[in-house]
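> Let me begin by handing over the structure; questions about it come next.
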Amino acid sequence: MNNSADSSAEAAEVHPLEWDEPEDNRKPPEDRSSVSNRVEKVDDTKLVTGEARYTADFVHDFRSVGRVSVVRSEIPHGRVLDIDRSTAESIDGVWAVLTPDSDVVPESLYTSAGQSYPEPSPWDMHVLHEHVRYVGDPVCAVVAADQPTADRAAETIDVSYEEYDHVVDPDAAFSSDAPQLFEPDEVANEIVGHDYDRNRMAHIEGELGSVSSAFERDDCVVHETEWETIRQSHANVEKHTALAYADEDDRHVLITSTQVPHHTRRQLAHLFDIPIRDIRVKKPRVGGGFGGKQAMVIEPIALACSLAVDRPVLYEASRSEEFGAMRSRHPMRVRARSAVTEDGSIEALELYALSNTGAYGSHGMTVAGNVGSKPLPLYSKVPNVRFEADIVHTNTPQTGAMRGYGAPQGTLALEGHLDVVARDLDLDPIAFRQAHYMEVGDLDEIAGMMGGEGAERRIRSCGLDECIERGKAAIGWDEIEQPDDPDCHRGVGMALSAQGTGVAGDELGGAQLMLNEDGSFHLHVGGVDIGTGADTAFVQIAAETLGCSPEKIVIKSSDTDVTPFDYGAYASSTTYISGMAVRKAAAKVRERLFEWASRMLDAPIGSLIAADDRIHHETTGESVTFEDIGYESMYGEDDREHIMATGSHSTDESPPPFAAQFADVTVDTTTGEFTVNQLVVAVDCGVAINPGMAEGQIEGANHMSYELAVSDGIAVGADGAATVESFDEYGLPSATETPPIEAILVETHEPTGPYGAKSVAEVPTNTVPPALSDAIADAVGVRIRSMPITPATLRDKLTE
Amino acid sequence: MHVELTINDSPRALFVDESESLATALRRAGHTEVLCGCDGGTCGVSKVFVDDEVRMACGMDALEADGSTIRTVQSLGTQGALHPIQQAFVDHHAVQCGFCIPGMIIEAAALLAENPDPSPETVRAAIDDTLCRCTGYQKPVRAILDAAERLRTQPEAADGVIADE
Ligand code: FES
Ligand code: FES
């Protein structure tokens, strides 16, 4: 757990600042042909014309497809005694009714978390449950010829229960006299620190130095603050959707809206006891994931239903199921403590999180770990750092992975806390942070202090200073003008954030690149584009490496029968890990192209350069096109070769991207109404492979972060059930409700990433809650620590 | 029961169920460009023109549409010849997952037919009932403003599309 001085000295040796970077990985902007260009997104024309196909669109490939309706628990906690399905089964068009004891429904325990193997999540779920733990737990599934029939039949099913006591509040759940959600034999693959007598699925902690001795020092002021975040919905506009069928070889195919095709294949194989080779998972276009589809949420039900009726079956979740029975962001209470000297030197930082994982434990431990391991390393100059978390079950809907993955909760607490301290000690909030944050060359030991996945890392790129400088200028930090109305006050706030790029030491991506005779290429990548533009980034990386135009590359991704393996789209890994696999494959193909060109031009390889779809002789100007090479290598007289190569990438590195967030707000002190005049967020994502797409990621992430600050999220009632059933009841900010967001790209070069790239899509999800809370404190002197920030909470605070 | 519709200029006769929504009927007829993101009427992605009026196809009974002229996003442009609004979405990287985009483009087409020079606020108001989880609306709004400009300077680019319908 704890790193001694010796081990860090050792670590310094294995983590040299100098990275063995391929020579052509670092290119000045003028030498880049594809990378950092605003290349058109490869799937855009089909998306804007409506010709793209999402999962539900594939039903048209079949003559008849069964539809699924799931009967879900109406009680928060209990055991199913009886299921009366007689009426349902007698309805015309009903093909099957599945219950927990149906033959096709697996008996084994599993986790829905789409993680590497064995999953760092407890196996605590069944496909259909007898022991139900929240209102919404799946109990029974109806397959019928069409959706209305399935829904009607599902309504007739009568489930009787033995009801147990339930618990909704996480503090109440975390005690030995609370109703217990899990018996010992109801969980396998348990997680460190579990204590199911108190509903605790995991406990984690780590420390560097000694926090407690710093807290006892006379020269330090100790501050303690508490923060709370809501249960946020992924609200991907495409609902979870899965189509299951057997193909003509009698193999099981799932076309599904997933972020993790290969993990889903493995998990289904284990759960249903089917060989991995006999399952094919295909990801078509996906209508947003954000972590909600980094879970095998509905695929097991779809597969079981298709097995039961021996026909294709489509399960498309309803929007009310999306809010009440899919996944959400873990609501948390986070306590921050610090010891700071009068002159503003931070001697100790501590975060404690109580995370509410809901009824099941998927992603519970790892998300909570990131509450500490993402935000705390930012302040690598602080000598004593501690983090601890308890992850507890309640009879509420399931949580899971969500963009930011614990970092938003931790960032609110840490950044909010630092602002409280700065104001209290009358320190400049930016200079206070600047005196402690990481810089190039630092060995970040905090990321590794919990052991396991996040090892120490050497910081090789950091654009925080420039992020702050440009963000401050854009928001007008030093020149805020007060409104004329004496009741209205304007203020600005800021927050910093760091994320990771992939899970250190636990990622893998593969790619394959093949030349066609006309000089075009087929690129097959395991990596998963869920709307982010990853496919386009892969193409740009390959084109940059080969010296061809991006249009010459045809990409296929995420089909487990066809494309190489990949862990999937999560942890901000795709461009960095899968993109590096693409780069490696392309570098090998490039070598073969040079070999052929050298033969064809009768010139040494060292005299050749690739650009514009051809290979040129540096001095003579003679050249061969990729098409010439294609025909010669495939149909030539003497030697023949299919020029192709694979690349595979895995690494212990996980370089942090950085964000500096600024918020400008005007508050009406009479009503508590507030207007966010502008959000500015400057992000260092290394080299942005496609600046247009990167800005889009930043703007979308900041919109999601804004929602986390101002929306109620998925509220739950006294029975723990979600009270939100439709978008009308959920606070997804609409176009008029969204403040202007300015995204600023700050370029650095990350030597471990493809062409200097690191991640971008998560870090701007972390920062609006603390920055807005700060801005309001700046404007009117009151601070909201429990999200959401609403006019009502603000008015209450103002009148306190 | 059957209804007669004109869908993107082609006459179609569709068999529909009594309570079936227009969105379901269109999707069954192969018009999968009409997407559905909610349980009805709250996400805006199922928008189509019904007799030149923007409607959420999920919120309308297919029977009610009998005799009407339906235009989906496919009436605007093709992959080889995008409509200026579609082109602007592409050029501005305003599309991420794309799920909300057909609805958003239909709404933009209706807006620009009425108001060729809208303010950013007007554009935001027009797409206010089309939810997007990916973009934060920044780039879609910019794309629509740019499309307005393109249509003002090159109206012929949209010929035969929504003009004088
Ligand atoms: S599906 Fe029609 S508005 Fe949501
Ligand atoms: S682009 Fe994904 S919902 Fe709008």
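Identifiers for the structure tokens are assigned positionally: chains receive A, B, ... in sequence, residues are indexed from 1 per chain, and ligands are indexed from 1 in the order shown.
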Residues of chain A no more than 8 Å from chain B, counting only C-alpha atoms: send them over as a PDB file with C-alpha atoms, in the first residue's frame.

ATOM      1  CA  GLU A  40     -13.950  14.876 -41.815  1.00  0.00           C
ATOM      2  CA  LYS A  41     -15.336  12.267 -39.447  1.00  0.00           C
ATOM      3  CA  ASP A  44     -20.503  11.607 -40.773  1.00  0.00           C
ATOM      4  CA  THR A  45     -22.152  11.494 -44.186  1.00  0.00           C
ATOM      5  CA  LYS A  46     -24.098   8.397 -43.280  1.00  0.00           C
ATOM      6  CA  LEU A  47     -25.031   9.897 -39.927  1.00  0.00           C
ATOM      7  CA  VAL A  48     -26.366  13.175 -41.341  1.00  0.00           C
ATOM      8  CA  THR A  49     -28.362  11.376 -44.032  1.00  0.00           C
ATOM      9  CA  GLY A  50     -29.800   8.852 -41.612  1.00  0.00           C
ATOM     10  CA  GLU A  51     -28.220   5.955 -43.462  1.00  0.00           C
ATOM     11  CA  ALA A  52     -26.062   4.863 -40.556  1.00  0.00           C
ATOM     12  CA  ARG A  53     -27.321   1.725 -38.859  1.00  0.00           C
ATOM     13  CA  ASP A  57     -32.101  -0.989 -37.470  1.00  0.00           C
ATOM     14  CA  HIS A  60     -34.901  -5.438 -41.076  1.00  0.00           C
ATOM     15  CA  ALA A 235     -28.959   9.538 -20.754  1.00  0.00           C
ATOM     16  CA  ASN A 236     -27.464   8.234 -23.989  1.00  0.00           C
ATOM     17  CA  VAL A 237     -30.086   9.096 -26.532  1.00  0.00           C
ATOM     18  CA  GLU A 238     -29.939   5.614 -28.017  1.00  0.00           C
ATOM     19  CA  LYS A 239     -31.267   3.267 -25.363  1.00  0.00           C
ATOM     20  CA  ARG A 285     -23.037   2.665 -34.840  1.00  0.00           C
ATOM     21  CA  VAL A 286     -23.765   3.377 -31.191  1.00  0.00           C
ATOM     22  CA  GLY A 287     -25.879   6.296 -30.022  1.00  0.00           C
ATOM     23  CA  GLY A 288     -23.702   7.273 -27.089  1.00  0.00           C
ATOM     24  CA  SER A 318     -37.510   1.625 -22.633  1.00  0.00           C
ATOM     25  CA  ARG A 319     -36.553   5.109 -21.516  1.00  0.00           C
ATOM     26  CA  SER A 320     -38.095   4.483 -18.098  1.00  0.00           C
ATOM     27  CA  ILE A 530     -19.327   4.872 -29.708  1.00  0.00           C
ATOM     28  CA  GLY A 531     -19.814   8.214 -31.381  1.00  0.00           C
ATOM     29  CA  THR A 532     -16.551   9.738 -30.262  1.00  0.00           C
ATOM     30  CA  GLY A 533     -14.864   9.710 -33.655  1.00  0.00           C
ATOM     31  CA  GLY A 692     -12.586  19.488 -34.323  1.00  0.00           C
ATOM     32  CA  MET A 693     -13.480  16.196 -32.711  1.00  0.00           C
ATOM     33  CA  GLY A 696     -16.571  18.361 -29.523  1.00  0.00           C
ATOM     34  CA  GLN A 697     -15.526  15.952 -26.786  1.00  0.00           C
ATOM     35  CA  GLU A 699     -17.851  20.730 -25.092  1.00  0.00           C
ATOM     36  CA  GLY A 700     -19.981  17.626 -24.604  1.00  0.00           C
ATOM     37  CA  ALA A 701     -18.104  16.650 -21.461  1.00  0.00           C
ATOM     38  CA  ASN A 702     -18.489  20.132 -20.032  1.00  0.00           C
ATOM     39  CA  HIS A 703     -22.221  20.012 -20.781  1.00  0.00           C
ATOM     40  CA  MET A 704     -22.421  16.746 -18.838  1.00  0.00           C
ATOM     41  CA  SER A 726     -38.847  10.223 -18.880  1.00  0.00           C
ATOM     42  CA  PHE A 727     -36.629  12.980 -20.233  1.00  0.00           C
ATOM     43  CA  ASP A 728     -39.300  15.457 -19.104  1.00  0.00           C
ATOM     44  CA  LEU A 732     -30.591  17.060 -19.194  1.00  0.00           C
ATOM     45  CA  SER A 734     -31.450  21.600 -23.432  1.00  0.00           C
ATOM     46  CA  ALA A 735     -29.969  23.971 -25.991  1.00  0.00           C
ATOM     47  CA  THR A 736     -31.422  27.060 -24.326  1.00  0.00           C
ATOM     48  CA  THR A 738     -26.865  25.222 -21.746  1.00  0.00           C
ATOM     49  CA  PRO A 740     -21.979  29.016 -23.915  1.00  0.00           C
ATOM     50  CA  ILE A 741     -18.993  26.706 -23.561  1.00  0.00           C
TER      51      ILE A 741
END
> Write down as a PyMOL selection string the residues belonging to chain B that are assigned strand (DSSP E) by DSSP computed on the backbone.
chain B and resi 2-7+10-15+47-50+53-56+69-71
> Emit the selected residues as a PDB file, in the first residue's frame, including N, CA and C atoms.

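Generated output (again.pdb):
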ATOM      1  N   HIS B   2     -54.959   0.156 -43.481  1.00  0.00           N
ATOM      2  CA  HIS B   2     -53.840   0.674 -44.238  1.00  0.00           C
ATOM      3  C   HIS B   2     -53.963   2.172 -44.492  1.00  0.00           C
ATOM      4  N   VAL B   3     -52.807   2.781 -44.637  1.00  0.00           N
ATOM      5  CA  VAL B   3     -52.772   4.227 -44.876  1.00  0.00           C
ATOM      6  C   VAL B   3     -51.970   4.476 -46.148  1.00  0.00           C
ATOM      7  N   GLU B   4     -52.327   5.576 -46.816  1.00  0.00           N
ATOM      8  CA  GLU B   4     -51.564   5.957 -48.001  1.00  0.00           C
ATOM      9  C   GLU B   4     -50.783   7.220 -47.677  1.00  0.00           C
ATOM     10  N   LEU B   5     -49.516   7.139 -47.923  1.00  0.00           N
ATOM     11  CA  LEU B   5     -48.638   8.260 -47.585  1.00  0.00           C
ATOM     12  C   LEU B   5     -47.744   8.560 -48.770  1.00  0.00           C
ATOM     13  N   THR B   6     -47.258   9.780 -48.810  1.00  0.00           N
ATOM     14  CA  THR B   6     -46.156  10.058 -49.722  1.00  0.00           C
ATOM     15  C   THR B   6     -44.923  10.228 -48.844  1.00  0.00           C
ATOM     16  N   ILE B   7     -43.978   9.322 -49.011  1.00  0.00           N
ATOM     17  CA  ILE B   7     -42.784   9.399 -48.173  1.00  0.00           C
ATOM     18  C   ILE B   7     -41.600   9.768 -49.055  1.00  0.00           C
ATOM     19  N   SER B  10     -42.173   9.400 -52.716  1.00  0.00           N
ATOM     20  CA  SER B  10     -42.714   8.153 -53.259  1.00  0.00           C
ATOM     21  C   SER B  10     -44.031   7.815 -52.588  1.00  0.00           C
ATOM     22  N   PRO B  11     -45.043   7.494 -53.386  1.00  0.00           N
ATOM     23  CA  PRO B  11     -46.306   7.058 -52.777  1.00  0.00           C
ATOM     24  C   PRO B  11     -46.124   5.678 -52.150  1.00  0.00           C
ATOM     25  N   ARG B  12     -46.638   5.535 -50.931  1.00  0.00           N
ATOM     26  CA  ARG B  12     -46.525   4.237 -50.252  1.00  0.00           C
ATOM     27  C   ARG B  12     -47.847   3.902 -49.596  1.00  0.00           C
ATOM     28  N   ALA B  13     -48.224   2.640 -49.674  1.00  0.00           N
ATOM     29  CA  ALA B  13     -49.374   2.167 -48.902  1.00  0.00           C
ATOM     30  C   ALA B  13     -48.827   1.271 -47.798  1.00  0.00           C
ATOM     31  N   LEU B  14     -49.168   1.591 -46.568  1.00  0.00           N
ATOM     32  CA  LEU B  14     -48.618   0.805 -45.451  1.00  0.00           C
ATOM     33  C   LEU B  14     -49.743   0.181 -44.639  1.00  0.00           C
ATOM     34  N   PHE B  15     -49.551  -1.066 -44.248  1.00  0.00           N
ATOM     35  CA  PHE B  15     -50.469  -1.666 -43.284  1.00  0.00           C
ATOM     36  C   PHE B  15     -50.017  -1.269 -41.886  1.00  0.00           C
ATOM     37  N   LYS B  47     -38.116  13.407 -35.217  1.00  0.00           N
ATOM     38  CA  LYS B  47     -38.796  14.443 -36.004  1.00  0.00           C
ATOM     39  C   LYS B  47     -38.791  14.175 -37.503  1.00  0.00           C
ATOM     40  N   VAL B  48     -39.940  14.431 -38.124  1.00  0.00           N
ATOM     41  CA  VAL B  48     -40.087  14.390 -39.584  1.00  0.00           C
ATOM     42  C   VAL B  48     -41.008  15.556 -39.975  1.00  0.00           C
ATOM     43  N   PHE B  49     -41.017  15.860 -41.248  1.00  0.00           N
ATOM     44  CA  PHE B  49     -42.033  16.793 -41.743  1.00  0.00           C
ATOM     45  C   PHE B  49     -43.295  16.011 -42.082  1.00  0.00           C
ATOM     46  N   VAL B  50     -44.406  16.437 -41.525  1.00  0.00           N
ATOM     47  CA  VAL B  50     -45.698  15.898 -41.946  1.00  0.00           C
ATOM     48  C   VAL B  50     -46.426  17.076 -42.579  1.00  0.00           C
ATOM     49  N   GLU B  53     -44.953  20.366 -41.755  1.00  0.00           N
ATOM     50  CA  GLU B  53     -44.905  20.784 -40.360  1.00  0.00           C
ATOM     51  C   GLU B  53     -44.025  19.786 -39.594  1.00  0.00           C
ATOM     52  N   VAL B  54     -43.176  20.283 -38.699  1.00  0.00           N
ATOM     53  CA  VAL B  54     -42.316  19.350 -37.960  1.00  0.00           C
ATOM     54  C   VAL B  54     -43.139  18.644 -36.885  1.00  0.00           C
ATOM     55  N   ARG B  55     -43.101  17.316 -36.922  1.00  0.00           N
ATOM     56  CA  ARG B  55     -43.803  16.526 -35.909  1.00  0.00           C
ATOM     57  C   ARG B  55     -42.866  15.463 -35.357  1.00  0.00           C
ATOM     58  N   MET B  56     -43.066  15.109 -34.093  1.00  0.00           N
ATOM     59  CA  MET B  56     -42.333  13.964 -33.568  1.00  0.00           C
ATOM     60  C   MET B  56     -43.116  12.734 -34.023  1.00  0.00           C
ATOM     61  N   THR B  69     -48.118  13.973 -46.594  1.00  0.00           N
ATOM     62  CA  THR B  69     -46.806  13.904 -47.233  1.00  0.00           C
ATOM     63  C   THR B  69     -45.747  13.945 -46.149  1.00  0.00           C
ATOM     64  N   ILE B  70     -44.952  12.908 -46.114  1.00  0.00           N
ATOM     65  CA  ILE B  70     -43.936  12.796 -45.062  1.00  0.00           C
ATOM     66  C   ILE B  70     -42.570  13.052 -45.684  1.00  0.00           C
ATOM     67  N   ARG B  71     -41.767  13.850 -44.990  1.00  0.00           N
ATOM     68  CA  ARG B  71     -40.372  14.000 -45.414  1.00  0.00           C
ATOM     69  C   ARG B  71     -39.464  13.704 -44.240  1.00  0.00           C
TER      70      ARG B  71
END
> Counting only C-alpha atoms, what is within 7 Å of A:Met514, bar same-chain residues fewer than 6 positions away, as a list in words?
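In the requested form, the answer reads Phe521, His522, Leu523, Ile643, Met644 and Ala645 of chain A.
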> Please produce a file of those selected residues containing C-alpha atoms, as a PDB file, in the first residue's frame.

ATOM      1  CA  PHE A 521      -5.936   0.005 -47.320  1.00  0.00           C
ATOM      2  CA  HIS A 522      -8.269  -1.943 -45.106  1.00  0.00           C
ATOM      3  CA  LEU A 523      -7.818  -1.196 -41.436  1.00  0.00           C
ATOM      4  CA  ILE A 643       1.518  -6.416 -47.711  1.00  0.00           C
ATOM      5  CA  MET A 644      -0.155  -6.413 -44.332  1.00  0.00           C
ATOM      6  CA  ALA A 645       0.705  -6.272 -40.681  1.00  0.00           C
TER       7      ALA A 645
END
> Would you mind telling me which residue in A:Ile459, A:Ala715, A:Ala504, A:Ile480 lies nearest to A:Leu443 when using only C-alpha atoms?
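Closest to A:Leu443, using only C-alpha atoms: A:Ile459.
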> Take atom CA of A:Asp774 and atom CA of A:Asp664 and report the distance between them in Å, one decimal.
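Spanning atom CA of A:Asp774 to atom CA of A:Asp664 is a straight-line distance of 9.7 Å.
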> I'd like to know which residues of stretch 112-144 of chain B are alpha helix (DSSP H) (by DSSP, run on the backbone); could you write them as an mmCIF file with N, CA and C atoms, in the first residue's frame?

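Result written to selection_23.cif:
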data_model
loop_
_atom_site.group_PDB
_atom_site.id
_atom_site.type_symbol
_atom_site.label_atom_id
_atom_site.label_comp_id
_atom_site.auth_asym_id
_atom_site.auth_seq_id
_atom_site.Cartn_x
_atom_site.Cartn_y
_atom_site.Cartn_z
ATOM 1 N N LEU B 112 -34.832 27.394 -40.957
ATOM 2 C CA LEU B 112 -34.212 28.210 -41.994
ATOM 3 C C LEU B 112 -35.169 28.492 -43.148
ATOM 4 N N ALA B 113 -36.164 27.643 -43.325
ATOM 5 C CA ALA B 113 -37.177 27.925 -44.342
ATOM 6 C C ALA B 113 -37.998 29.150 -43.935
ATOM 7 N N GLU B 114 -38.208 29.292 -42.637
ATOM 8 C CA GLU B 114 -38.986 30.408 -42.096
ATOM 9 C C GLU B 114 -38.155 31.659 -41.895
ATOM 10 N N PRO B 120 -28.188 33.367 -32.905
ATOM 11 C CA PRO B 120 -27.842 32.152 -32.146
ATOM 12 C C PRO B 120 -28.946 31.764 -31.150
ATOM 13 N N GLU B 121 -29.581 32.777 -30.534
ATOM 14 C CA GLU B 121 -30.647 32.475 -29.566
ATOM 15 C C GLU B 121 -31.829 31.812 -30.256
ATOM 16 N N THR B 122 -32.145 32.297 -31.455
ATOM 17 C CA THR B 122 -33.264 31.708 -32.190
ATOM 18 C C THR B 122 -32.954 30.262 -32.560
ATOM 19 N N VAL B 123 -31.721 30.009 -32.941
ATOM 20 C CA VAL B 123 -31.346 28.634 -33.289
ATOM 21 C C VAL B 123 -31.473 27.747 -32.047
ATOM 22 N N ARG B 124 -30.968 28.236 -30.934
ATOM 23 C CA ARG B 124 -31.072 27.438 -29.706
ATOM 24 C C ARG B 124 -32.537 27.166 -29.356
ATOM 25 N N ALA B 125 -33.360 28.176 -29.498
ATOM 26 C CA ALA B 125 -34.778 27.980 -29.176
ATOM 27 C C ALA B 125 -35.402 26.946 -30.119
ATOM 28 N N ALA B 126 -34.993 26.986 -31.390
ATOM 29 C CA ALA B 126 -35.592 26.063 -32.361
ATOM 30 C C ALA B 126 -35.251 24.609 -32.044
ATOM 31 N N GLN B 138 -22.937 23.188 -28.811
ATOM 32 C CA GLN B 138 -22.133 24.306 -29.324
ATOM 33 C C GLN B 138 -21.939 24.202 -30.826
ATOM 34 N N LYS B 139 -21.470 23.051 -31.263
ATOM 35 C CA LYS B 139 -21.168 22.911 -32.682
ATOM 36 C C LYS B 139 -22.434 22.798 -33.528
ATOM 37 N N PRO B 140 -23.470 22.101 -33.087
ATOM 38 C CA PRO B 140 -24.716 22.127 -33.873
ATOM 39 C C PRO B 140 -25.242 23.551 -34.085
ATOM 40 N N VAL B 141 -25.192 24.374 -33.053
ATOM 41 C CA VAL B 141 -25.690 25.749 -33.220
ATOM 42 C C VAL B 141 -24.832 26.485 -34.253
ATOM 43 N N ARG B 142 -23.520 26.332 -34.145
ATOM 44 C CA ARG B 142 -22.638 26.983 -35.115
ATOM 45 C C ARG B 142 -22.893 26.449 -36.525
ATOM 46 N N ALA B 143 -23.128 25.153 -36.630
ATOM 47 C CA ALA B 143 -23.367 24.558 -37.954
ATOM 48 C C ALA B 143 -24.647 25.120 -38.565
ATOM 49 N N ILE B 144 -25.678 25.271 -37.745
ATOM 50 C CA ILE B 144 -26.949 25.771 -38.285
ATOM 51 C C ILE B 144 -26.795 27.237 -38.711
#
> Have a look at atom CA of A:Ile301 and atom CA of A:Leu81 and let me know their distance in Å, one decimal.
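Going from atom CA of A:Ile301 over to atom CA of A:Leu81, I get 21.1 Å.
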> In Å to one decimal, how far is atom CA of A:Gly291 from atom CA of A:Pro655?
20.3 Å
> Choose the residue, out of A:Gly93, A:Gly289, A:Gly781, A:Gly78, that has the smallest atom-to-atom separation from ligand 2; count only C-alpha atoms and all ligand atoms.
A:Gly289
> Within 10 Å of A:His363, counting only C-alpha atoms, which residues qualify if same-chain residues fewer than 6 places away don't, as a PDB file with N, CA, C and O atoms, in the first residue's frame?

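The file below, out.pdb, is the result:
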ATOM      1  N   THR A 111     -20.876 -10.505 -12.972  1.00  0.00           N
ATOM      2  CA  THR A 111     -20.969  -9.054 -12.859  1.00  0.00           C
ATOM      3  C   THR A 111     -21.257  -8.494 -14.235  1.00  0.00           C
ATOM      4  O   THR A 111     -20.783  -9.021 -15.241  1.00  0.00           O
ATOM      5  N   SER A 112     -22.006  -7.422 -14.265  1.00  0.00           N
ATOM      6  CA  SER A 112     -22.285  -6.792 -15.559  1.00  0.00           C
ATOM      7  C   SER A 112     -21.146  -5.866 -15.985  1.00  0.00           C
ATOM      8  O   SER A 112     -21.118  -5.407 -17.114  1.00  0.00           O
ATOM      9  N   ALA A 113     -20.200  -5.602 -15.078  1.00  0.00           N
ATOM     10  CA  ALA A 113     -19.131  -4.657 -15.396  1.00  0.00           C
ATOM     11  C   ALA A 113     -18.279  -5.191 -16.542  1.00  0.00           C
ATOM     12  O   ALA A 113     -17.721  -6.278 -16.442  1.00  0.00           O
ATOM     13  N   GLY A 114     -18.180  -4.458 -17.623  1.00  0.00           N
ATOM     14  CA  GLY A 114     -17.388  -4.888 -18.775  1.00  0.00           C
ATOM     15  C   GLY A 114     -15.936  -4.530 -18.576  1.00  0.00           C
ATOM     16  O   GLY A 114     -15.434  -3.575 -19.154  1.00  0.00           O
ATOM     17  N   GLN A 115     -15.262  -5.298 -17.732  1.00  0.00           N
ATOM     18  CA  GLN A 115     -13.866  -5.012 -17.391  1.00  0.00           C
ATOM     19  C   GLN A 115     -12.994  -6.188 -17.800  1.00  0.00           C
ATOM     20  O   GLN A 115     -13.488  -7.218 -18.250  1.00  0.00           O
ATOM     21  N   GLU A 119     -12.800  -9.779 -13.485  1.00  0.00           N
ATOM     22  CA  GLU A 119     -13.262  -8.417 -13.286  1.00  0.00           C
ATOM     23  C   GLU A 119     -12.993  -7.954 -11.855  1.00  0.00           C
ATOM     24  O   GLU A 119     -13.241  -8.704 -10.913  1.00  0.00           O
ATOM     25  N   PRO A 120     -12.510  -6.725 -11.697  1.00  0.00           N
ATOM     26  CA  PRO A 120     -12.367  -6.170 -10.339  1.00  0.00           C
ATOM     27  C   PRO A 120     -13.720  -5.704  -9.791  1.00  0.00           C
ATOM     28  O   PRO A 120     -13.836  -4.628  -9.217  1.00  0.00           O
ATOM     29  N   SER A 121     -14.733  -6.497 -10.006  1.00  0.00           N
ATOM     30  CA  SER A 121     -16.083  -6.239  -9.498  1.00  0.00           C
ATOM     31  C   SER A 121     -16.618  -7.565  -8.986  1.00  0.00           C
ATOM     32  O   SER A 121     -16.305  -8.615  -9.557  1.00  0.00           O
ATOM     33  N   PRO A 122     -17.420  -7.539  -7.944  1.00  0.00           N
ATOM     34  CA  PRO A 122     -17.928  -8.800  -7.413  1.00  0.00           C
ATOM     35  C   PRO A 122     -18.939  -9.438  -8.370  1.00  0.00           C
ATOM     36  O   PRO A 122     -19.653  -8.737  -9.077  1.00  0.00           O
ATOM     37  N   GLN A 294     -20.553   0.326 -20.922  1.00  0.00           N
ATOM     38  CA  GLN A 294     -19.395  -0.463 -20.509  1.00  0.00           C
ATOM     39  C   GLN A 294     -19.899  -1.479 -19.498  1.00  0.00           C
ATOM     40  O   GLN A 294     -19.347  -1.695 -18.433  1.00  0.00           O
ATOM     41  N   ALA A 295     -21.004  -2.059 -19.837  1.00  0.00           N
ATOM     42  CA  ALA A 295     -21.644  -2.995 -18.947  1.00  0.00           C
ATOM     43  C   ALA A 295     -22.417  -3.941 -19.838  1.00  0.00           C
ATOM     44  O   ALA A 295     -22.939  -3.537 -20.860  1.00  0.00           O
ATOM     45  N   HIS A 330     -22.351   6.770  -9.524  1.00  0.00           N
ATOM     46  CA  HIS A 330     -22.433   6.544  -8.078  1.00  0.00           C
ATOM     47  C   HIS A 330     -22.649   7.867  -7.331  1.00  0.00           C
ATOM     48  O   HIS A 330     -21.787   8.748  -7.412  1.00  0.00           O
ATOM     49  N   THR A 357     -23.208   2.320  -4.048  1.00  0.00           N
ATOM     50  CA  THR A 357     -23.150   1.539  -5.292  1.00  0.00           C
ATOM     51  C   THR A 357     -24.507   0.984  -5.695  1.00  0.00           C
ATOM     52  O   THR A 357     -24.631   0.332  -6.726  1.00  0.00           O
ATOM     53  N   GLY A 369     -12.086   4.149  -6.134  1.00  0.00           N
ATOM     54  CA  GLY A 369     -10.638   4.338  -6.140  1.00  0.00           C
ATOM     55  C   GLY A 369     -10.240   5.579  -6.918  1.00  0.00           C
ATOM     56  O   GLY A 369      -9.334   6.324  -6.532  1.00  0.00           O
ATOM     57  N   THR A 399     -25.616   1.271 -10.095  1.00  0.00           N
ATOM     58  CA  THR A 399     -24.692   2.270 -10.607  1.00  0.00           C
ATOM     59  C   THR A 399     -23.687   1.559 -11.514  1.00  0.00           C
ATOM     60  O   THR A 399     -23.768   0.356 -11.711  1.00  0.00           O
ATOM     61  N   GLY A 400     -22.754   2.301 -12.028  1.00  0.00           N
ATOM     62  CA  GLY A 400     -21.748   1.673 -12.884  1.00  0.00           C
ATOM     63  C   GLY A 400     -20.718   2.682 -13.322  1.00  0.00           C
ATOM     64  O   GLY A 400     -20.528   3.718 -12.682  1.00  0.00           O
ATOM     65  N   ALA A 401     -20.063   2.350 -14.428  1.00  0.00           N
ATOM     66  CA  ALA A 401     -19.061   3.264 -14.979  1.00  0.00           C
ATOM     67  C   ALA A 401     -19.775   4.458 -15.580  1.00  0.00           C
ATOM     68  O   ALA A 401     -20.808   4.319 -16.204  1.00  0.00           O
ATOM     69  N   MET A 402     -19.235   5.641 -15.354  1.00  0.00           N
ATOM     70  CA  MET A 402     -19.724   6.800 -16.089  1.00  0.00           C
ATOM     71  C   MET A 402     -18.584   7.790 -16.285  1.00  0.00           C
ATOM     72  O   MET A 402     -17.812   8.049 -15.357  1.00  0.00           O
ATOM     73  N   TYR A 405     -15.602   8.685 -14.102  1.00  0.00           N
ATOM     74  CA  TYR A 405     -15.327   7.465 -13.324  1.00  0.00           C
ATOM     75  C   TYR A 405     -14.810   7.760 -11.910  1.00  0.00           C
ATOM     76  O   TYR A 405     -13.716   7.345 -11.544  1.00  0.00           O
TER      77      TYR A 405
END
